[in-house]
Amino acid sequence: MKRIMINHKKCNGCKNCYVACMQAHHNSANSGSIYNLDLTDNANEARNSIKTDVNGNYFPLFCRHCNDPECVITCMSGAMTKNAETGLVLYNKEQCASCFMCVMNCPFGILKPDDKTKTFVIKCDFCIQDTKGPNCVRACPNEALYIKEV
């Protein structure tokens, strides 16, 4: 199974990973340019976030695609599933009942409801639609993010 790994010491908080995630998932017909990104469309929210610790150090947060994911266990509608072959925790927006049990039970506090309508969950999908892998990893200029087989 492949996972996004983080070297916190290399992260400078530039948010390139955040913007790359937004661009990778946006709903615009003009997908080639960040300038066409509609920031008012809640479907364009980034699936990751950048936080700071008490010392002001930056650290990116992504879904960890846990071995025994609480989000899958507590999902009453079956919208959260774990792919046995890839190990990725996948989310089906159409099947989601918006109960947010997955959000409440994520031990890392990474899952969140969408900012505007609060009707679906924002969750890293490892850019499975892109054969080159997660855009956030490719966009990191400091190589703070990398893919590792675990």
# chains A, B, ... in the order shown; residues from 1 in each chain; ligands from 1
$ residues_around --residues "Glu94 (chain A)" --least-positions-apart "5" --cutoff "12 Å" --atoms "only C-alpha atoms" --output "list in words"
Ser77, Gly78, Ala79, Met80, Thr119, Phe120 and Val121 of chain A
$ closest_atom_pairs --of "region 77-119 of chain A" --to "region 30-54 of chain A" --cutoff "7 Å" --atoms "only C-alpha atoms" --output "JSON lines"
{"residue": "A:Asp114", "atom": "CA", "partner": "A:Asn42", "partner_atom": "CA", "distance": 6.3}
{"residue": "A:Asp115", "atom": "CA", "partner": "A:Asn42", "partner_atom": "CA", "distance": 6.5}
{"residue": "A:Lys116", "atom": "CA", "partner": "A:Asn42", "partner_atom": "CA", "distance": 6.0}
$ atom_distance --atom1 "CA of Glu143 (chain A)" --atom2 "CA of Lys15 (chain A)"
12.7 Å
$ closest_residue --among "A:Ala20, A:Ile6, A:Met1, A:Cys11" --to "Asn142 (chain A)" --atoms "only C-alpha atoms"
A:Cys11
$ closest_residue --among "A:Ile122, A:Val72, A:Cys140, A:Met101" --to "Asn16 (chain A)" --atoms "only C-alpha atoms"
A:Cys140
$ residues_around --residues "Lys82 (chain A)" --least-positions-apart "2" --cutoff "10 Å" --atoms "only C-alpha atoms" --output "ChimeraX atom specification"
/A:65-69,71-73,80,84-91
$ atom_distance --atom1 "CA of Arg64 (chain A)" --atom2 "CA of Cys14 (chain A)"
21.2 Å
$ atom_distance --atom1 "CA of Glu70 (chain A)" --atom2 "CA of Pro107 (chain A)"
7.5 Å
$ residues_around --residues "Ala139 (chain A)" --least-positions-apart "5" --cutoff "12 Å" --atoms "only C-alpha atoms" --output "PyMOL selection string"
chain A and resi 14-24+132-134+144-146
$ closest_residue --among "A:Val103, A:Ile110, A:Val150, A:Ile4" --to "Phe126 (chain A)" --atoms "only C-alpha atoms"
A:Ile4
